[in-house]
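Pasting start-v4.cif here (mmCIF, C-alpha atoms and all ligand atoms):
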data_structure
loop_
_atom_site.label_atom_id
_atom_site.label_comp_id
_atom_site.auth_asym_id
_atom_site.auth_seq_id
_atom_site.Cartn_x
_atom_site.Cartn_y
_atom_site.Cartn_z
CA MET T 17 -76.57 52.76 93.90
CA GLU T 18 -79.99 51.82 92.49
CA LYS T 19 -80.04 48.04 91.95
CA VAL T 20 -80.50 46.62 88.46
CA PHE T 21 -81.87 43.50 86.82
CA GLU T 22 -79.40 42.91 83.98
CA SER T 23 -81.69 41.48 81.33
CA HIS T 24 -79.03 41.15 78.63
CA CYS T 25 -75.92 39.30 79.75
CA HIS T 26 -73.63 37.25 77.51
CA TYR T 27 -70.89 34.81 78.46
CA HIS T 28 -67.98 32.88 77.00
CA LEU T 29 -66.95 35.74 74.72
CA PHE T 30 -63.27 35.02 75.19
CA ASP T 31 -61.84 31.54 75.77
CA SER T 32 -63.22 31.45 79.27
CA THR T 33 -64.36 28.30 81.01
CA VAL T 34 -67.74 28.23 82.73
CA LYS T 35 -65.95 28.38 86.05
CA MET T 36 -64.04 31.51 85.00
CA ASP T 37 -67.22 33.18 83.75
CA GLU T 38 -68.90 32.37 87.03
CA SER T 39 -66.15 33.70 89.27
CA LEU T 40 -65.60 36.85 87.18
CA LEU T 41 -69.30 37.69 87.21
CA LYS T 42 -69.45 37.08 90.96
CA LYS T 43 -66.80 39.77 91.34
CA GLU T 44 -68.28 42.10 88.76
CA PHE T 45 -71.99 42.17 89.64
CA PRO T 46 -71.53 43.87 93.03
CA ILE T 47 -69.56 46.63 91.28
CA THR T 48 -72.34 47.31 88.78
CA GLY T 49 -75.21 46.97 91.26
CA THR T 50 -76.51 43.88 89.47
CA LYS T 51 -78.86 41.86 91.69
CA LYS T 52 -80.62 39.77 89.08
CA VAL T 53 -79.47 38.65 85.67
CA CYS T 54 -80.68 36.98 82.52
CA PHE T 55 -78.06 35.03 80.52
CA LEU T 56 -78.43 34.99 76.75
CA SER T 57 -77.15 32.14 74.62
CA ILE T 58 -75.72 32.53 71.13
CA PRO T 59 -74.77 29.05 69.90
CA GLN T 60 -73.60 30.25 66.49
CA GLN T 61 -72.62 33.45 64.76
CA PHE T 62 -71.62 34.33 61.22
CA SER T 63 -68.85 36.80 60.47
CA TYR T 64 -69.07 39.28 57.62
CA ASP T 65 -67.40 36.85 55.20
CA GLY T 66 -69.65 33.97 56.19
CA LYS T 67 -67.42 32.07 58.60
CA LYS T 68 -69.52 30.27 61.17
CA LYS T 69 -68.47 30.20 64.79
CA PHE T 70 -70.29 27.45 66.63
CA ASP T 71 -70.19 26.51 70.28
CA PRO T 72 -72.00 23.19 70.80
CA ILE T 73 -72.30 23.73 74.55
CA HIS T 74 -73.35 27.38 74.62
CA ASN T 75 -76.86 26.63 75.84
CA LEU T 76 -75.47 24.33 78.53
CA ARG T 77 -73.13 27.08 79.71
CA GLY T 78 -76.21 29.29 80.10
CA ILE T 79 -78.14 26.82 82.22
CA TYR T 80 -74.97 26.25 84.27
CA LEU T 81 -74.74 29.98 85.03
CA LYS T 82 -78.44 30.13 85.81
CA LYS T 83 -77.97 27.42 88.43
CA ALA T 84 -74.75 28.93 89.74
CA PHE T 85 -76.49 32.28 90.31
CA ALA T 86 -79.83 30.87 91.51
CA PRO T 87 -82.29 32.10 92.60
CA ASN T 88 -81.35 35.40 90.97
CA ALA T 89 -80.64 34.22 87.46
CA TYR T 90 -82.51 33.34 84.31
CA ALA T 91 -81.32 31.90 81.01
CA LEU T 92 -82.50 32.16 77.44
CA ALA T 93 -81.52 29.44 74.98
CA GLY T 94 -80.55 29.85 71.35
CA LEU T 95 -81.70 27.70 68.44
CA VAL T 96 -78.96 25.49 67.03
CA LEU T 97 -78.80 25.60 63.25
CA PRO T 98 -78.81 21.99 61.98
CA GLU T 99 -75.41 20.91 60.66
CA THR T 100 -76.81 18.56 58.05
CA GLN T 101 -78.86 19.38 54.97
CA LEU T 102 -82.49 19.14 55.99
CA SER T 103 -85.64 19.99 54.11
CA GLN T 104 -87.64 23.03 55.12
CA GLU T 105 -90.22 20.82 56.83
CA GLU T 106 -87.52 18.98 58.74
CA ILE T 107 -85.91 22.19 60.04
CA THR T 108 -89.37 23.45 61.06
CA GLU T 109 -89.88 20.30 63.15
CA GLU T 110 -86.31 20.43 64.43
CA TYR T 111 -86.78 24.00 65.72
CA LEU T 112 -90.07 23.09 67.35
CA ASN T 113 -88.40 20.15 69.10
CA GLN T 114 -85.52 22.35 70.22
CA VAL T 115 -87.73 25.01 71.79
CA LYS T 116 -89.80 22.33 73.55
CA LYS T 117 -86.61 20.80 74.90
CA TYR T 118 -85.26 24.09 76.24
CA TYR T 119 -88.64 24.96 77.73
CA GLU T 120 -88.75 21.68 79.62
CA MET T 121 -85.12 21.91 80.62
CA GLY T 122 -85.86 25.09 82.55
CA PHE T 123 -84.84 27.91 80.27
CA ASP T 124 -86.82 31.13 80.65
CA GLY T 125 -87.13 32.02 77.00
CA MET T 126 -85.22 32.21 73.74
CA LYS T 127 -82.57 34.56 72.41
CA MET T 128 -82.61 35.11 68.66
CA LEU T 129 -79.60 36.47 66.86
CA GLU T 130 -81.31 35.19 63.72
CA GLY T 131 -82.19 38.77 62.75
CA TYR T 132 -78.54 39.71 62.35
CA PRO T 133 -77.71 40.68 58.72
CA THR T 134 -74.92 38.09 58.44
CA PHE T 135 -77.16 35.36 59.83
CA ILE T 136 -79.98 36.05 57.39
CA LYS T 137 -77.54 36.16 54.48
CA TYR T 138 -75.47 33.07 55.28
CA ALA T 139 -78.06 30.82 56.92
CA GLY T 140 -80.42 31.92 54.16
CA ILE T 141 -83.41 32.10 56.50
CA SER T 142 -85.42 35.28 56.94
CA LEU T 143 -87.01 36.04 60.29
CA ASP T 144 -90.49 35.56 58.87
CA SER T 145 -89.65 32.29 57.11
CA PRO T 146 -92.24 29.52 57.68
CA ILE T 147 -89.28 27.56 59.07
CA TYR T 148 -89.79 29.42 62.35
CA ASP T 149 -93.60 29.26 62.37
CA LYS T 150 -93.98 26.30 64.71
CA PHE T 151 -91.27 27.71 66.94
CA TYR T 152 -92.98 31.11 67.18
CA LYS T 153 -96.35 29.45 67.68
CA PHE T 154 -94.97 27.44 70.61
CA CYS T 155 -93.48 30.59 72.17
CA GLU T 156 -96.70 32.53 71.68
CA THR T 157 -98.93 29.78 73.10
CA ASN T 158 -96.70 29.16 76.10
CA ASN T 159 -95.93 32.80 76.76
CA PHE T 160 -92.24 31.92 76.35
CA PRO T 161 -90.33 35.21 75.92
CA ILE T 162 -88.03 35.90 73.00
CA ILE T 163 -85.28 38.52 72.85
CA MET T 164 -84.53 39.30 69.25
CA HIS T 165 -81.71 41.24 67.66
CA ILE T 166 -82.85 42.86 64.42
CA ALA T 167 -80.58 44.49 61.86
CA ASN T 168 -78.02 46.94 63.26
CA PRO T 169 -77.57 50.74 63.42
CA ASP T 170 -78.53 52.58 60.21
CA GLU T 171 -75.02 53.82 59.51
CA ASN T 172 -73.76 50.24 59.12
CA TRP T 173 -75.35 50.07 55.70
CA ASP T 174 -73.28 52.98 54.45
CA ILE T 175 -69.50 52.86 54.34
CA LYS T 176 -69.49 56.69 54.37
CA THR T 177 -71.28 56.94 57.69
CA ALA T 178 -70.26 53.71 59.45
CA SER T 179 -68.19 54.11 62.58
CA LYS T 180 -64.51 53.19 62.44
CA GLU T 181 -65.29 50.43 64.89
CA ALA T 182 -68.01 48.99 62.65
CA ILE T 183 -65.74 49.07 59.59
CA ALA T 184 -62.88 47.41 61.50
CA GLN T 185 -65.18 44.67 62.75
CA GLY T 186 -66.70 44.10 59.33
CA ARG T 187 -70.17 45.30 60.20
CA VAL T 188 -70.80 47.39 57.09
CA TYR T 189 -73.29 45.82 54.74
CA ASP T 190 -73.24 46.03 50.95
CA ASN T 191 -76.12 45.04 48.69
CA THR T 192 -75.48 41.32 49.12
CA PHE T 193 -76.96 41.69 52.61
CA PRO T 194 -80.61 42.29 53.45
CA THR T 195 -81.31 45.96 54.14
CA LYS T 196 -82.25 47.27 57.53
CA GLU T 197 -85.76 47.98 56.29
CA GLU T 198 -86.17 44.44 54.97
CA ILE T 199 -85.10 42.94 58.29
CA THR T 200 -87.39 45.25 60.26
CA ASN T 201 -90.27 44.32 57.98
CA GLN T 202 -89.54 40.62 58.47
CA MET T 203 -89.91 41.18 62.21
CA PHE T 204 -93.22 42.98 61.67
CA ASN T 205 -94.42 40.08 59.51
CA VAL T 206 -93.69 37.76 62.44
CA LEU T 207 -95.89 39.92 64.66
CA LYS T 208 -98.60 39.95 62.02
CA LYS T 209 -98.62 36.14 62.17
CA PHE T 210 -98.13 35.89 65.95
CA PRO T 211 -99.48 39.13 67.44
CA ASN T 212 -99.41 37.89 71.04
CA LEU T 213 -95.77 36.88 70.98
CA THR T 214 -93.82 38.01 74.05
CA LEU T 215 -91.13 39.73 72.06
CA THR T 216 -88.35 42.01 73.25
CA LEU T 217 -86.10 43.77 70.77
CA ALA T 218 -82.54 44.39 71.90
CA HIS T 219 -80.84 47.81 71.50
CA MET T 220 -84.19 49.65 71.39
CA GLY T 221 -84.79 47.82 68.11
CA PHE T 222 -82.24 50.19 66.52
CA PHE T 223 -85.26 52.47 66.15
CA SER T 224 -83.59 55.74 67.18
CA ASN T 225 -84.16 57.20 63.70
CA HIS T 226 -87.43 55.35 63.20
CA TYR T 227 -89.91 56.68 65.72
CA SER T 228 -92.97 55.45 63.85
CA ASN T 229 -91.58 51.90 63.76
CA ALA T 230 -91.00 52.05 67.52
CA ILE T 231 -94.62 53.11 68.02
CA LYS T 232 -95.87 50.43 65.63
CA PHE T 233 -93.82 47.79 67.45
CA MET T 234 -95.19 48.83 70.84
CA SER T 235 -98.76 48.73 69.52
CA TYR T 236 -98.62 44.95 69.98
CA PRO T 237 -99.65 43.83 73.47
CA ASN T 238 -96.60 41.83 74.59
CA THR T 239 -93.71 43.69 73.03
CA ARG T 240 -90.82 45.27 74.86
CA LEU T 241 -87.55 47.06 74.17
CA ASP T 242 -84.27 46.75 75.98
CA VAL T 243 -81.93 49.71 76.33
CA THR T 244 -78.67 47.85 75.68
CA PRO T 245 -76.11 50.22 74.16
CA GLY T 246 -75.35 49.87 70.47
CA GLY T 247 -74.76 52.38 67.89
CA GLU T 248 -75.63 54.68 69.93
CA GLN T 249 -79.41 54.58 70.11
CA LEU T 250 -79.85 56.39 73.41
CA ILE T 251 -77.58 59.28 72.46
CA ASN T 252 -79.45 59.70 69.16
CA MET T 253 -82.71 59.68 71.11
CA SER T 254 -81.43 62.27 73.58
CA ARG T 255 -81.01 64.70 70.67
CA HIS T 256 -84.75 64.48 70.09
CA TRP T 257 -85.68 63.99 73.69
CA ASP T 258 -88.94 65.94 73.50
CA LEU T 259 -90.15 63.10 71.27
CA TRP T 260 -88.51 60.20 73.03
CA SER T 261 -89.27 61.31 76.58
CA THR T 262 -92.94 60.93 75.68
CA PHE T 263 -92.15 57.45 74.40
CA PHE T 264 -90.40 56.49 77.64
CA GLU T 265 -93.32 57.93 79.58
CA THR T 266 -95.95 56.10 77.53
CA TYR T 267 -94.18 52.74 77.49
CA GLN T 268 -92.57 52.97 80.91
CA ASP T 269 -93.78 49.48 81.79
CA ARG T 270 -92.20 47.79 78.78
CA ILE T 271 -88.65 49.13 78.60
CA LEU T 272 -85.95 46.96 80.18
CA TYR T 273 -82.52 47.59 81.57
CA GLY T 274 -79.74 45.63 79.88
CA SER T 275 -76.16 46.54 79.15
CA ASP T 276 -75.06 43.78 76.75
CA TYR T 277 -72.87 42.69 79.61
CA TYR T 278 -70.29 39.90 79.57
CA PRO T 279 -67.53 38.87 81.97
CA PHE T 280 -64.20 40.61 81.38
CA GLU T 281 -60.78 39.08 81.59
CA GLU T 282 -58.86 40.43 84.54
CA GLY T 283 -56.03 42.80 83.73
CA LYS T 284 -55.09 46.43 83.64
CA TYR T 285 -58.37 47.66 82.16
CA TRP T 286 -60.68 45.22 83.88
CA LEU T 287 -62.53 47.79 85.97
CA VAL T 288 -62.86 50.16 83.01
CA ALA T 289 -64.36 47.37 80.93
CA VAL T 290 -66.67 46.25 83.73
CA ASN T 291 -68.06 49.75 84.20
CA ARG T 292 -68.16 50.98 80.63
CA ARG T 293 -71.71 50.18 79.60
CA PRO T 294 -73.38 50.06 83.04
CA SER T 295 -71.92 53.49 83.89
CA PHE T 296 -72.99 54.90 80.55
CA LEU T 297 -76.57 53.80 81.23
CA ARG T 298 -76.55 55.23 84.73
CA GLU T 299 -75.07 58.54 83.54
CA PHE T 300 -77.62 58.65 80.77
CA PHE T 301 -80.72 57.91 82.83
CA GLU T 302 -79.77 59.29 86.25
CA THR T 303 -77.99 62.59 85.54
CA ASP T 304 -78.58 65.73 83.50
CA SER T 305 -74.92 66.54 83.04
CA GLU T 306 -72.47 65.97 80.21
CA HIS T 307 -70.45 62.78 79.88
CA LEU T 308 -68.31 60.94 77.40
CA TYR T 309 -69.09 57.51 75.96
CA LEU T 310 -66.80 55.97 73.31
CA ASN T 311 -65.56 59.41 72.21
CA GLU T 312 -69.07 60.77 71.99
CA THR T 313 -70.27 63.54 74.28
CA PHE T 314 -73.80 63.25 75.55
CA LYS T 315 -76.03 64.87 78.11
CA GLY T 316 -77.95 62.69 80.55
CA VAL T 317 -81.76 62.80 80.35
CA LYS T 318 -82.44 62.25 84.06
CA ILE T 319 -85.72 60.39 83.99
CA LYS T 320 -88.20 60.24 86.88
CA LYS T 321 -87.22 57.98 89.78
CA SER T 322 -90.40 55.98 89.42
CA ILE T 323 -89.70 55.22 85.74
CA LEU T 324 -86.05 54.51 86.47
CA HIS T 325 -87.02 51.89 89.00
CA LYS T 326 -89.35 50.25 86.49
CA ILE T 327 -86.68 50.06 83.79
CA TYR T 328 -83.92 48.92 86.15
CA TRP T 329 -85.90 46.41 88.09
CA LYS T 330 -89.68 46.02 87.90
CA ASN T 331 -90.05 45.57 84.15
CA PRO T 332 -87.53 42.75 83.69
CA LEU T 333 -89.00 41.10 86.78
CA ASN T 334 -92.54 41.46 85.43
CA LEU T 335 -91.43 39.84 82.20
CA TYR T 336 -89.59 36.85 83.66
CA LYS T 337 -91.28 36.54 87.07
CA LYS T 338 -89.94 33.52 88.97
CA PRO T 339 -87.14 31.60 87.23
CA HIS T 340 -88.40 28.42 85.56
CA LYS T 341 -87.46 25.34 87.51
CA ILE T 342 -84.44 23.54 86.08
CA ASN T 343 -84.94 19.89 85.22
CA ASN T 344 -81.56 18.40 86.19
CA ASN T 345 -82.30 15.09 84.49
CA LEU T 346 -82.94 16.73 81.15
CA VAL T 347 -79.70 18.70 81.43
CA LEU T 348 -77.78 15.52 82.19
CA LYS T 349 -79.52 13.73 79.34
CA GLU T 350 -78.49 16.51 76.95
CA ILE T 351 -74.85 16.23 78.10
CA GLU T 352 -74.98 12.48 77.67
CA LYS T 353 -76.23 12.96 74.13
CA ILE T 354 -73.41 15.22 72.96
CA LYS T 355 -70.54 14.15 75.21
CA ASP T 356 -69.06 11.41 73.04
CA ASN T 357 -68.71 13.26 69.78
CA ILE T 358 -67.53 16.56 71.07
CA GLU T 359 -64.05 18.09 70.71
CA GLU T 360 -61.75 17.58 73.62
CA LYS T 361 -61.48 21.30 74.38
CA TYR T 362 -65.05 21.24 75.70
CA LEU T 363 -64.47 18.48 78.22
CA VAL T 364 -63.28 20.74 81.05
CA ASP T 365 -66.53 22.64 80.87
CA ILE T 366 -68.65 19.55 80.35
CA ASN T 367 -67.18 18.13 83.56
CA GLU T 368 -67.86 21.35 85.47
CA ILE T 369 -71.43 21.35 84.27
CA LEU T 370 -71.81 17.68 85.23
CA LYS T 371 -70.47 18.44 88.68
CA LEU T 372 -73.05 21.13 89.27
CA PHE T 373 -75.99 19.10 88.02
CA ASN T 374 -75.15 15.69 89.44
ZN ZN Y 401 -76.20 41.23 73.05
#

Mind turning this structure into structure tokens?
Amino acid sequence: MEKVFESHCHYHLFDSTVKMDESLLKKEFPITGTKKVCFLSIPQQFSYDGKKKFDPIHNLRGIYLKKAFAPNAYALAGLVLPETQLSQEEITEEYLNQVKKYYEMGFDGMKMLEGYPTFIKYAGISLDSPIYDKFYKFCETNNFPIIMHIANPDENWDIKTASKEAIAQGRVYDNTFPTKEEITNQMFNVLKKFPNLTLTLAHMGFFSNHYSNAIKFMSYPNTRLDVTPGGEQLINMSRHWDLWSTFFETYQDRILYGSDYYPFEEGKYWLVAVNRRPSFLREFFETDSEHLYLNETFKGVKIKKSILHKIYWKNPLNLYKKPHKINNNLVLKEIEKIKDNIEEKYLVDINEILKLFN
């Protein structure tokens, strides 16, 4: 099995402790051929109706996993939306201070879910808001990579075409949400302001029906796309593969493997869950036969071995290079800062993290 650098791995998606995440992933990575991994933090998320889910130690869980899987792991931090009412200037400074802190702590970049339709609507901050300007500037100047999620698949804006899954999970957007085009344009405005930003879009940018946007995005020098499944971009692309094969050929050095992975709870369907997305990607890229993915039939596109190796391994490695050195003291200082006013349910994990860093 060709080894992969999993550039898009989540954690703590069920009520797992850091220890559970660690031991599950240690069992799962050998099955999926994962030899290096980048952990992505998502401190907060908004549901369709505006409920905020916040995990005050999500970034710390990420740096824990990075250390637990060293030297083969990387971690991207997520900005924490201030709880209190701050002025625009204050949030701008707050975000700058946060990114500096994570940079010094030893994170390898930032994950932004801030381009998600619910986030833009409920946090009320567009991706190109001046609130992020100092943050982007810092990332651009320090060559600090960002992975950004923008919008979602096209069909999620239309109840008639949305998948059953999307409807059930409340990912269909009416006109109270920003449109897909608006969000994409916000992202392009960011690049207009910060053209040298090291920016990766997850899920191929959800560009499968927007070839010219994909080309425009890649016209910037430090942009990349990851192939994480979602909606399903790759299958759409395979239906116009004459077009997209040229794209993969042209940008073969800037397309990254990622499966939107996360540890799965052990049980009857554990192995099925573990393999679902990684196997889909392998079937898609490595074979030219027919397969099934989430009730959809597709034919693999069997790309050249040399390109496959770049996507699976070389490109993520070229982006992240050597993992940034973790500053234990700063991690401990951060725990010290939040420890006393945190809910009790986090203490088990806080103690595990302390144990690893002390
Ligand atoms: Zn993801």

> Which chains and residue numbers are within 12 Å of ligand ZN 401 (chain Y), counting all atoms listed in the file, if I want them as a PyMOL selection string?
Replying inline: chain T and resi 22-27+29+54-58+61+92+127-129+132+163-166+168+217-221+242-246+274-278+293

> Which of these, T:Lys35, T:Thr108, T:Pro294, T:Gly122, has the shortest distance to Met17 in chain T once you count all atoms listed in the file?
Replying inline: T:Pro294

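Using all atoms listed in the file, the nearest neighbour of Leu310 in chain T within the list T:Arg187, T:Lys117, T:Lys82, T:Lys180 is T:Lys180.
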
> Pro211 in chain T: which residues within 10 Å, counting all atoms listed in the file, same-chain residues fewer than 6 positions away excluded, as an MDAnalysis selection string?
Replying inline: chainID T and resid 156 204:205 235:239

Find the residues of range 23-110 of chain T that sit at most 12 Å from range 355-360 of chain T; for each, write down the nearest two atoms and how far apart they are in Å, to one decimal. Count all atoms listed in the file. Sort by chain, then by number going up, and give it as JSON lines.
{"residue": "T:Phe70", "atom": "CA", "partner": "T:Glu359", "partner_atom": "CA", "distance": 12.0}
{"residue": "T:Asp71", "atom": "CA", "partner": "T:Ile358", "partner_atom": "CA", "distance": 10.3}
{"residue": "T:Pro72", "atom": "CA", "partner": "T:Ile358", "partner_atom": "CA", "distance": 8.0}
{"residue": "T:Ile73", "atom": "CA", "partner": "T:Ile358", "partner_atom": "CA", "distance": 9.3}
{"residue": "T:Leu76", "atom": "CA", "partner": "T:Lys355", "partner_atom": "CA", "distance": 11.8}

>> At a cut-off of 9 Å, using only C-alpha atoms, what residues contact Gly247 in chain T? Leave out same-chain residues fewer than 2 positions from it and give the result as a VMD selection string.
In response: chain T and resid 168 to 171 179 219 222 245 249 to 252

>> Show me, as a PyMOL selection string, the residues that have an atom within 9 Å of Asp174 in chain T when counting only C-alpha atoms, minus same-chain residues fewer than 5 positions from it.
In response: chain T and resi 188-190

Env of Ser295 in chain T: 8 Å cut, atoms = all atoms listed in the file, seq-sep filter 4 positions within chain, self excluded. Answer as a PDB file with C-alpha atoms, in the frame of the given file.
ATOM      1  CA  THR T  48     -72.340  47.310  88.780  1.00  0.00           C
ATOM      2  CA  ASN T 291     -68.060  49.750  84.200  1.00  0.00           C
ATOM      3  CA  GLU T 299     -75.070  58.540  83.540  1.00  0.00           C
TER       4      GLU T 299
END

>> One number please: CA of Met203 in chain T to CA of Leu97 in chain T, in Å, one decimal.
In response: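 These two atoms are separated by 19.2 Å.
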
Written-out range 205-230 of chain T (N, CA and C atoms) as a PDB file, in the first residue's frame:
ATOM      1  N   ASN T 205     -11.134  37.945  -2.329  1.00  0.00           N
ATOM      2  CA  ASN T 205     -10.761  39.276  -1.822  1.00  0.00           C
ATOM      3  C   ASN T 205      -9.595  39.176  -0.845  1.00  0.00           C
ATOM      4  N   VAL T 206      -9.591  38.101  -0.047  1.00  0.00           N
ATOM      5  CA  VAL T 206      -8.473  37.885   0.881  1.00  0.00           C
ATOM      6  C   VAL T 206      -7.171  37.754   0.080  1.00  0.00           C
ATOM      7  N   LEU T 207      -7.222  36.976  -0.998  1.00  0.00           N
ATOM      8  CA  LEU T 207      -6.014  36.789  -1.812  1.00  0.00           C
ATOM      9  C   LEU T 207      -5.600  38.074  -2.534  1.00  0.00           C
ATOM     10  N   LYS T 208      -6.586  38.906  -2.846  1.00  0.00           N
ATOM     11  CA  LYS T 208      -6.263  40.189  -3.472  1.00  0.00           C
ATOM     12  C   LYS T 208      -5.453  41.035  -2.486  1.00  0.00           C
ATOM     13  N   LYS T 209      -5.864  40.963  -1.204  1.00  0.00           N
ATOM     14  CA  LYS T 209      -5.156  41.740  -0.180  1.00  0.00           C
ATOM     15  C   LYS T 209      -3.824  41.093   0.215  1.00  0.00           C
ATOM     16  N   PHE T 210      -3.812  39.763   0.225  1.00  0.00           N
ATOM     17  CA  PHE T 210      -2.621  39.035   0.717  1.00  0.00           C
ATOM     18  C   PHE T 210      -2.231  37.953  -0.300  1.00  0.00           C
ATOM     19  N   PRO T 211      -1.715  38.387  -1.449  1.00  0.00           N
ATOM     20  CA  PRO T 211      -1.514  37.441  -2.568  1.00  0.00           C
ATOM     21  C   PRO T 211      -0.491  36.339  -2.292  1.00  0.00           C
ATOM     22  N   ASN T 212       0.380  36.557  -1.308  1.00  0.00           N
ATOM     23  CA  ASN T 212       1.398  35.531  -1.054  1.00  0.00           C
ATOM     24  C   ASN T 212       1.036  34.586   0.081  1.00  0.00           C
ATOM     25  N   LEU T 213      -0.201  34.687   0.541  1.00  0.00           N
ATOM     26  CA  LEU T 213      -0.668  33.815   1.607  1.00  0.00           C
ATOM     27  C   LEU T 213      -0.488  32.338   1.214  1.00  0.00           C
ATOM     28  N   THR T 214      -0.010  31.532   2.175  1.00  0.00           N
ATOM     29  CA  THR T 214       0.076  30.088   1.945  1.00  0.00           C
ATOM     30  C   THR T 214      -1.278  29.508   2.317  1.00  0.00           C
ATOM     31  N   LEU T 215      -2.114  29.362   1.310  1.00  0.00           N
ATOM     32  CA  LEU T 215      -3.521  29.051   1.555  1.00  0.00           C
ATOM     33  C   LEU T 215      -3.945  27.766   0.849  1.00  0.00           C
ATOM     34  N   THR T 216      -4.429  26.820   1.648  1.00  0.00           N
ATOM     35  CA  THR T 216      -4.984  25.583   1.090  1.00  0.00           C
ATOM     36  C   THR T 216      -6.492  25.604   1.276  1.00  0.00           C
ATOM     37  N   LEU T 217      -7.227  25.283   0.238  1.00  0.00           N
ATOM     38  CA  LEU T 217      -8.677  25.127   0.389  1.00  0.00           C
ATOM     39  C   LEU T 217      -8.998  23.644   0.530  1.00  0.00           C
ATOM     40  N   ALA T 218      -9.829  23.337   1.527  1.00  0.00           N
ATOM     41  CA  ALA T 218     -10.245  21.952   1.735  1.00  0.00           C
ATOM     42  C   ALA T 218     -11.286  21.560   0.681  1.00  0.00           C
ATOM     43  N   HIS T 219     -11.444  20.245   0.473  1.00  0.00           N
ATOM     44  CA  HIS T 219     -12.490  19.710  -0.423  1.00  0.00           C
ATOM     45  C   HIS T 219     -12.387  20.280  -1.840  1.00  0.00           C
ATOM     46  N   MET T 220     -11.159  20.441  -2.333  1.00  0.00           N
ATOM     47  CA  MET T 220     -10.943  21.011  -3.672  1.00  0.00           C
ATOM     48  C   MET T 220     -11.672  22.346  -3.831  1.00  0.00           C
ATOM     49  N   GLY T 221     -11.840  23.054  -2.722  1.00  0.00           N
ATOM     50  CA  GLY T 221     -12.497  24.361  -2.771  1.00  0.00           C
ATOM     51  C   GLY T 221     -13.977  24.291  -3.135  1.00  0.00           C
ATOM     52  N   PHE T 222     -14.520  23.068  -3.207  1.00  0.00           N
ATOM     53  CA  PHE T 222     -15.878  22.854  -3.749  1.00  0.00           C
ATOM     54  C   PHE T 222     -15.995  23.493  -5.134  1.00  0.00           C
ATOM     55  N   PHE T 223     -14.909  23.333  -5.912  1.00  0.00           N
ATOM     56  CA  PHE T 223     -14.845  23.940  -7.239  1.00  0.00           C
ATOM     57  C   PHE T 223     -15.274  22.989  -8.354  1.00  0.00           C
ATOM     58  N   SER T 224     -15.796  21.801  -8.044  1.00  0.00           N
ATOM     59  CA  SER T 224     -15.980  20.819  -9.118  1.00  0.00           C
ATOM     60  C   SER T 224     -16.856  21.324 -10.259  1.00  0.00           C
ATOM     61  N   ASN T 225     -17.759  22.258  -9.978  1.00  0.00           N
ATOM     62  CA  ASN T 225     -18.562  22.856 -11.064  1.00  0.00           C
ATOM     63  C   ASN T 225     -18.067  24.250 -11.435  1.00  0.00           C
ATOM     64  N   HIS T 226     -16.889  24.588 -10.954  1.00  0.00           N
ATOM     65  CA  HIS T 226     -16.393  25.969 -11.138  1.00  0.00           C
ATOM     66  C   HIS T 226     -14.927  25.943 -11.560  1.00  0.00           C
ATOM     67  N   TYR T 227     -14.709  25.403 -12.731  1.00  0.00           N
ATOM     68  CA  TYR T 227     -13.336  25.208 -13.208  1.00  0.00           C
ATOM     69  C   TYR T 227     -12.554  26.522 -13.255  1.00  0.00           C
ATOM     70  N   SER T 228     -13.206  27.581 -13.719  1.00  0.00           N
ATOM     71  CA  SER T 228     -12.468  28.837 -13.868  1.00  0.00           C
ATOM     72  C   SER T 228     -12.067  29.397 -12.500  1.00  0.00           C
ATOM     73  N   ASN T 229     -12.876  29.171 -11.482  1.00  0.00           N
ATOM     74  CA  ASN T 229     -12.486  29.596 -10.137  1.00  0.00           C
ATOM     75  C   ASN T 229     -11.278  28.802  -9.638  1.00  0.00           C
ATOM     76  N   ALA T 230     -11.266  27.507  -9.958  1.00  0.00           N
ATOM     77  CA  ALA T 230     -10.131  26.668  -9.546  1.00  0.00           C
ATOM     78  C   ALA T 230      -8.848  27.186 -10.184  1.00  0.00           C
TER      79      ALA T 230
END
